[in-house]
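See below for my_file_37.txt, which holds compact mmCIF, C-alpha atoms.
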```
# COMPACT_ATOMS: atom_id res chain seq x y z
CA MET A 1 163.46 -191.14 80.74
CA SER A 2 161.41 -189.74 83.63
CA ALA A 3 161.61 -190.36 87.38
CA TYR A 4 158.49 -191.26 89.34
CA VAL A 5 157.68 -191.99 92.96
CA LEU A 6 154.84 -194.13 94.27
CA LEU A 7 152.96 -192.48 97.12
CA ILE A 8 151.33 -194.58 99.83
CA GLY A 9 150.04 -193.29 103.15
CA GLY A 10 151.59 -189.84 102.80
CA GLU A 11 155.08 -191.19 102.05
CA VAL A 12 157.25 -192.00 99.07
CA PHE A 13 157.09 -195.78 98.91
CA GLU A 14 159.03 -196.58 95.73
CA GLN A 15 161.06 -194.88 93.00
CA ILE A 16 161.38 -195.83 89.33
CA GLU A 17 162.64 -194.39 86.07
CA THR A 18 160.83 -195.22 82.85
CA ASP A 19 160.21 -194.06 79.29
CA GLY A 20 156.75 -195.65 79.42
CA ASP A 21 153.35 -194.14 80.15
CA ILE A 22 153.14 -194.62 83.92
CA SER A 23 149.33 -194.38 83.87
CA LYS A 24 149.21 -197.48 81.64
CA MET A 25 151.90 -199.43 83.44
CA TYR A 26 150.15 -199.62 86.84
CA HIS A 27 146.63 -199.81 88.20
CA SER A 28 144.86 -196.45 88.27
CA SER A 29 144.45 -196.63 92.06
CA MET A 30 148.22 -196.25 92.49
CA VAL A 31 149.43 -192.69 92.90
CA TRP A 32 152.59 -192.14 90.84
CA VAL A 33 154.06 -188.63 90.68
CA CYS A 34 156.68 -187.47 88.17
CA THR A 35 159.63 -185.94 90.02
CA ASP A 36 161.55 -184.59 87.03
CA GLY A 37 162.93 -181.17 87.93
CA ILE A 38 162.30 -181.50 91.68
CA GLU A 39 165.46 -180.71 93.63
CA PRO A 40 166.46 -182.45 95.67
CA PRO A 41 164.62 -185.45 94.28
CA PRO A 42 162.46 -187.16 96.91
CA SER A 43 163.57 -190.55 98.20
CA VAL A 44 161.80 -193.48 99.75
CA GLY A 45 160.50 -192.46 103.18
CA TRP A 46 160.02 -188.78 102.32
CA LYS A 47 156.73 -187.27 103.46
CA THR A 48 154.19 -186.08 100.86
CA GLU A 49 151.30 -183.68 100.92
CA LYS A 50 149.11 -182.21 98.20
CA VAL A 51 148.97 -178.41 98.52
CA ASP A 52 146.86 -176.37 96.05
CA GLY A 53 146.81 -179.33 93.66
CA GLU A 54 150.60 -179.78 93.71
CA TRP A 55 152.54 -182.51 95.49
CA GLN A 56 154.97 -181.25 98.09
CA PHE A 57 157.81 -183.45 99.37
CA SER A 58 159.77 -183.15 102.59
CA ALA A 59 162.66 -185.19 103.91
CA PRO A 60 161.81 -187.33 106.90
CA ASP A 61 162.60 -185.90 110.30
CA ALA A 62 166.12 -186.45 111.51
CA VAL A 63 166.57 -189.59 113.52
CA ASN A 64 165.77 -188.80 117.14
CA VAL A 65 168.46 -190.01 119.47
CA THR A 66 167.39 -190.35 123.08
CA PRO A 67 169.46 -188.88 125.92
CA GLU A 68 170.12 -192.44 127.06
CA GLN A 69 171.55 -193.35 123.64
CA LEU A 70 173.72 -190.23 123.68
CA ALA A 71 174.96 -191.13 127.17
CA GLU A 72 175.92 -194.61 125.93
CA THR A 73 177.82 -193.06 123.02
CA VAL A 74 179.65 -190.70 125.37
CA ALA A 75 180.54 -193.59 127.73
CA ALA A 76 181.90 -195.64 124.83
CA GLU A 77 184.02 -192.69 123.70
CA ARG A 78 185.32 -192.17 127.26
CA PHE A 79 186.26 -195.85 127.47
CA ALA A 80 188.16 -195.63 124.17
CA ARG A 81 189.93 -192.41 125.18
CA GLU A 82 190.75 -193.84 128.60
CA GLY A 83 192.90 -196.54 127.01
CA THR A 84 194.93 -194.32 124.66
CA GLY A 85 197.99 -194.21 126.88
CA VAL A 86 200.19 -191.48 128.34
CA THR A 87 203.83 -190.46 128.18
CA VAL A 88 205.54 -190.06 131.54
CA ARG A 89 209.14 -188.88 131.72
CA GLY A 90 209.72 -190.14 128.19
CA LEU A 91 208.08 -193.53 128.77
CA ALA A 92 205.02 -194.46 126.70
CA VAL A 93 202.65 -196.15 129.15
CA GLU A 94 199.47 -198.09 128.39
CA THR A 95 196.26 -197.01 130.14
CA THR A 96 193.98 -199.93 129.32
CA ARG A 97 191.94 -201.33 132.18
CA ASP A 98 194.40 -204.21 132.62
CA SER A 99 197.36 -201.81 132.62
CA GLN A 100 195.66 -199.52 135.12
CA ALA A 101 195.26 -202.42 137.55
CA LEU A 102 198.87 -203.53 137.15
CA ILE A 103 200.15 -199.98 137.58
CA ALA A 104 198.03 -199.46 140.69
CA SER A 105 199.41 -202.60 142.32
CA THR A 106 202.97 -201.66 141.34
CA GLY A 107 202.33 -198.18 142.76
CA LEU A 108 201.22 -199.72 146.04
CA SER A 109 204.46 -201.69 146.20
CA ALA A 110 206.41 -198.47 145.59
CA VAL A 111 204.54 -196.70 148.40
CA LEU A 112 205.14 -199.56 150.82
CA ASP A 113 208.83 -199.91 149.91
CA PRO A 114 210.68 -196.74 148.79
CA GLU A 115 213.56 -198.98 147.62
CA TYR A 116 211.30 -201.05 145.37
CA ARG A 117 212.45 -201.52 141.75
CA CYS A 118 210.97 -203.50 138.94
CA ASN A 119 211.20 -204.26 135.27
CA PHE A 120 208.29 -202.28 133.84
CA LYS A 121 206.92 -202.91 130.38
CA THR A 122 206.21 -199.74 128.40
CA MET A 123 204.70 -199.58 124.91
CA THR A 124 208.23 -199.70 123.50
CA GLY A 125 209.70 -202.40 125.73
CA PHE A 126 211.00 -203.08 129.21
CA VAL A 127 212.76 -200.57 131.44
CA GLU A 128 213.96 -200.88 135.01
CA ILE A 129 212.39 -198.22 137.21
CA GLY A 130 212.35 -197.35 140.87
CA SER A 131 209.72 -196.19 143.34
CA ALA A 132 209.74 -192.52 142.35
CA GLN A 133 209.17 -193.34 138.66
CA ILE A 134 206.52 -195.91 139.53
CA ILE A 135 204.61 -193.38 141.62
CA ALA A 136 204.96 -190.75 138.86
CA ILE A 137 203.52 -193.24 136.34
CA ALA A 138 200.67 -194.21 138.66
CA LYS A 139 199.78 -190.54 139.24
CA ALA A 140 199.90 -189.73 135.52
CA VAL A 141 197.75 -192.71 134.58
CA ARG A 142 195.25 -191.87 137.30
CA ALA A 143 195.15 -188.21 136.19
CA HIS A 144 194.56 -189.27 132.56
CA VAL A 145 191.76 -191.66 133.47
CA GLN A 146 190.14 -189.13 135.81
CA ALA A 147 190.28 -186.46 133.10
CA CYS A 148 188.43 -188.87 130.78
CA PHE A 149 185.71 -189.41 133.38
CA ASP A 150 185.52 -185.66 134.04
CA ARG A 151 185.00 -185.03 130.30
CA GLU A 152 182.29 -187.69 130.22
CA LEU A 153 180.51 -185.97 133.11
CA THR A 154 180.71 -182.60 131.33
CA LEU A 155 179.15 -184.14 128.21
CA LEU A 156 176.42 -185.87 130.25
CA ARG A 157 175.53 -182.54 131.86
CA ALA A 158 175.36 -180.93 128.40
CA ILE A 159 172.99 -183.70 127.29
CA GLU A 160 170.79 -183.14 130.35
CA ALA A 161 170.72 -179.39 129.69
CA GLY A 162 169.87 -179.91 126.01
CA GLU A 163 173.12 -178.17 125.01
CA TYR A 164 174.97 -181.17 123.61
CA HIS A 165 175.95 -181.21 119.94
CA GLU A 166 177.73 -183.91 118.00
CA ASP A 167 181.02 -181.98 117.64
CA MET A 168 181.47 -182.05 121.41
CA LEU A 169 182.14 -185.80 121.34
CA SER A 170 185.54 -185.30 119.72
CA GLU A 171 186.57 -182.25 121.77
CA GLY A 172 188.02 -181.72 125.23
CA TRP A 173 189.48 -185.15 125.92
CA PRO A 174 192.92 -185.44 127.51
CA ASN A 175 195.82 -186.17 125.21
CA SER A 176 198.82 -188.28 125.97
CA SER A 177 201.31 -185.44 126.34
CA PRO A 178 203.46 -185.54 129.45
CA PRO A 179 201.79 -184.17 132.58
CA ASP A 180 203.17 -181.10 134.31
CA PRO A 181 206.13 -182.26 136.46
CA ALA A 182 204.70 -180.32 139.39
CA ASP A 183 201.66 -182.61 139.30
CA LEU A 184 203.92 -185.63 139.80
CA GLN A 185 205.57 -184.49 143.04
```
Could the structure of this file be written out as structure tokens, please?
Amino acid sequence: MSAYVLLIGGEVFEQIETDGDISKMYHSSMVWVCTDGIEPPPSVGWKTEKVDGEWQFSAPDAVNVTPEQLAETVAAERFAREGTGVTVRGLAVETTRDSQALIASTGLSAVLDPEYRCNFKTMTGFVEIGSAQIIAIAKAVRAHVQACFDRELTLLRAIEAGEYHEDMLSEGWPNSSPPDPADLQ
């Protein structure tokens, strides 16, 4: 059994394997080339060129991703990372957009009334907390979200400078470890 590719317009158009005589199976105007022994074997879409009587094959160019498409990918990653949550003083706190809004309004209540207390829902259940804990949570959530936006900006600048590479998308994001207590004062 031999492998063949059909060439049309400087590209591999089709691939087949056959034991038959390819020159008798198809019209003589069709250009079929045996690819036995060619490594890696050419695939549909590969470019072709005849050099010194021999067919040369090259893989198609890598897909070009525009800076705008990269920026959209980075923004989507930031949005996902933004909502991963944080741990504040042993409490696992959601950081989704809805949670951020609720925490901000609760934080405002804590600022306006230092005696304010509420039943606050964490990822593991309800706890009663007071103003100081509420403010610490609000600060930690805001710091986490801001760090996500800061990382997005760093990646956008790398894209603009032509220095961005795919590995950067998974690096440098904030984690959900507790913030430094000094940052919560």
Which of these, A:Thr154, A:Gln100, A:Ser28, A:Asn175, has the shortest distance to A:Lys139 once you count all atoms listed in the file? A:Gln100
Which neighbours of stretch 58-69 of chain A fall inside 10 Å, counting only C-alpha atoms, when residues of the same chain fewer than 6 positions from it are skipped, and could you give them as a ChimeraX atom specification? /A:11-12,40-49,75,156,159-160,162,164
Go ahead and save the residues from that selection, with C-alpha atoms, as a PDB file, keeping the file's coordinate frame.
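Result file selection00.pdb:
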```pdb
ATOM      1  CA  GLU A  11     155.080-191.190 102.050  1.00  0.00           C
ATOM      2  CA  VAL A  12     157.250-192.000  99.070  1.00  0.00           C
ATOM      3  CA  PRO A  40     166.460-182.450  95.670  1.00  0.00           C
ATOM      4  CA  PRO A  41     164.620-185.450  94.280  1.00  0.00           C
ATOM      5  CA  PRO A  42     162.460-187.160  96.910  1.00  0.00           C
ATOM      6  CA  SER A  43     163.570-190.550  98.200  1.00  0.00           C
ATOM      7  CA  VAL A  44     161.800-193.480  99.750  1.00  0.00           C
ATOM      8  CA  GLY A  45     160.500-192.460 103.180  1.00  0.00           C
ATOM      9  CA  TRP A  46     160.020-188.780 102.320  1.00  0.00           C
ATOM     10  CA  LYS A  47     156.730-187.270 103.460  1.00  0.00           C
ATOM     11  CA  THR A  48     154.190-186.080 100.860  1.00  0.00           C
ATOM     12  CA  GLU A  49     151.300-183.680 100.920  1.00  0.00           C
ATOM     13  CA  ALA A  75     180.540-193.590 127.730  1.00  0.00           C
ATOM     14  CA  LEU A 156     176.420-185.870 130.250  1.00  0.00           C
ATOM     15  CA  ILE A 159     172.990-183.700 127.290  1.00  0.00           C
ATOM     16  CA  GLU A 160     170.790-183.140 130.350  1.00  0.00           C
ATOM     17  CA  GLY A 162     169.870-179.910 126.010  1.00  0.00           C
ATOM     18  CA  TYR A 164     174.970-181.170 123.610  1.00  0.00           C
TER      19      TYR A 164
END
```
So, counting only C-alpha atoms, which residue among A:Glu77, A:Glu17, A:Asp98, A:Glu54 is closest to A:Leu169?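 Result for the nearest residue to A:Leu169: A:Glu77.
Closest approach to A:Leu91 from the set A:Gly20, A:Gly107, A:Pro114, A:Gly125 is made by A:Gly125, with distances taken over all atoms listed in the file.
One finds atom CA of A:Ser105 at 25.7 Å from atom CA of A:Ala76.
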In terms of the shortest atom-to-atom distance over only C-alpha atoms, which of A:Ile137, A:Glu82, A:Phe57, A:Thr106 is closest to A:Glu39? A:Phe57
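Computed from the coordinates, the atom CA of A:Arg117 to atom CA of A:Val145 distance equals 24.4 Å.
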Can you tell me, as number ranges by chain, what residues are no more than 10 Å from stretch 129-133 of chain A when counting all atoms listed in the file, ignoring any on the same chain fewer than 2 positions away? A: 88-89, 91, 106-121, 126-127, 135-139, 184-185
For each of A:Asp19, A:Asp167, A:Glu14, A:Glu94, take the minimum atom-to-atom distance to A:Arg142, counting all atoms listed in the file, then give the residue where this is smallest. A:Glu94
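Using only C-alpha atoms, the shortest contact distance between A:Ala140 and any of A:Leu155, A:Met123, A:Ile38, A:Pro174 is found at A:Pro174.
The space separating atom CA of A:Thr124 from atom CA of A:Phe149 comes to 26.7 Å.
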Kindly extract all protein, DNA and RNA residues lying within 8 Å of the coordinates (190.5, -195.8, 128.0) given in the file, considering only C-alpha atoms, and supply them as a list in words.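 Output: Arg78, Phe79, Ala80, Arg81, Glu82, Gly83, Thr84, Gly85, Thr95, Thr96, Arg97, Val145 and Cys148 of chain A.
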Name all residues at most 9 Å from A:Val31 (count all atoms listed in the file; drop same-chain ones fewer than 6 positions away) and give them as a ChimeraX atom specification. /A:5-8
Keeping only C-alpha atoms, write the selected residues to a file as a PDB file, in the frame of the given file.
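To be explicit, this is the file written out as result.pdb:
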```pdb
ATOM      1  CA  VAL A   5     157.680-191.990  92.960  1.00  0.00           C
ATOM      2  CA  LEU A   6     154.840-194.130  94.270  1.00  0.00           C
ATOM      3  CA  LEU A   7     152.960-192.480  97.120  1.00  0.00           C
ATOM      4  CA  ILE A   8     151.330-194.580  99.830  1.00  0.00           C
TER       5      ILE A   8
END
```
Could you please fill out stretch 94-118 of chain A with N, CA and C atoms and send it back as a compact mmCIF listing (two decimals), in the coordinates of the input?
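Result file is rebuild_17.txt:
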```txt
# COMPACT_ATOMS: atom_id res chain seq x y z
N GLU A 94 200.85 -197.71 128.71
CA GLU A 94 199.47 -198.09 128.39
C GLU A 94 198.53 -197.67 129.51
N THR A 95 197.27 -197.38 129.14
CA THR A 95 196.26 -197.01 130.14
C THR A 95 195.00 -197.84 129.97
N THR A 96 195.13 -199.03 129.41
CA THR A 96 193.98 -199.93 129.32
C THR A 96 193.56 -200.32 130.73
N ARG A 97 192.39 -200.92 130.85
CA ARG A 97 191.94 -201.33 132.18
C ARG A 97 192.92 -202.30 132.83
N ASP A 98 193.43 -203.26 132.06
CA ASP A 98 194.40 -204.21 132.62
C ASP A 98 195.67 -203.49 133.08
N SER A 99 196.15 -202.55 132.26
CA SER A 99 197.36 -201.81 132.62
C SER A 99 197.14 -200.95 133.86
N GLN A 100 195.97 -200.34 133.94
CA GLN A 100 195.66 -199.52 135.12
C GLN A 100 195.77 -200.35 136.40
N ALA A 101 195.23 -201.55 136.36
CA ALA A 101 195.26 -202.42 137.55
C ALA A 101 196.70 -202.81 137.90
N LEU A 102 197.48 -203.16 136.90
CA LEU A 102 198.87 -203.53 137.15
C LEU A 102 199.67 -202.35 137.69
N ILE A 103 199.43 -201.18 137.12
CA ILE A 103 200.15 -199.98 137.58
C ILE A 103 199.75 -199.62 139.00
N ALA A 104 198.48 -199.76 139.32
CA ALA A 104 198.03 -199.46 140.69
C ALA A 104 198.70 -200.40 141.70
N SER A 105 198.78 -201.67 141.37
CA SER A 105 199.41 -202.60 142.32
C SER A 105 200.91 -202.36 142.42
N THR A 106 201.54 -201.99 141.31
CA THR A 106 202.97 -201.66 141.34
C THR A 106 203.18 -200.39 142.16
N GLY A 107 202.26 -199.42 141.99
CA GLY A 107 202.33 -198.18 142.76
C GLY A 107 202.23 -198.44 144.25
N LEU A 108 201.35 -199.38 144.62
CA LEU A 108 201.22 -199.72 146.04
C LEU A 108 202.53 -200.29 146.57
N SER A 109 203.17 -201.14 145.78
CA SER A 109 204.46 -201.69 146.20
C SER A 109 205.49 -200.58 146.38
N ALA A 110 205.46 -199.59 145.50
CA ALA A 110 206.41 -198.47 145.59
C ALA A 110 206.15 -197.62 146.83
N VAL A 111 204.88 -197.47 147.20
CA VAL A 111 204.54 -196.70 148.40
C VAL A 111 204.98 -197.44 149.65
N LEU A 112 204.78 -198.75 149.65
CA LEU A 112 205.14 -199.56 150.82
C LEU A 112 206.65 -199.73 150.99
N ASP A 113 207.38 -199.70 149.86
CA ASP A 113 208.83 -199.91 149.91
C ASP A 113 209.51 -198.88 149.01
N PRO A 114 210.03 -197.79 149.59
CA PRO A 114 210.68 -196.74 148.79
C PRO A 114 211.90 -197.24 147.99
N GLU A 115 212.42 -198.40 148.34
CA GLU A 115 213.56 -198.98 147.62
C GLU A 115 213.12 -199.93 146.51
N TYR A 116 211.84 -200.10 146.35
CA TYR A 116 211.30 -201.05 145.37
C TYR A 116 211.73 -200.67 143.96
N ARG A 117 212.11 -201.67 143.17
CA ARG A 117 212.45 -201.52 141.75
C ARG A 117 211.81 -202.67 141.00
N CYS A 118 211.53 -202.42 139.75
CA CYS A 118 210.97 -203.50 138.94
C CYS A 118 211.27 -203.28 137.47
```
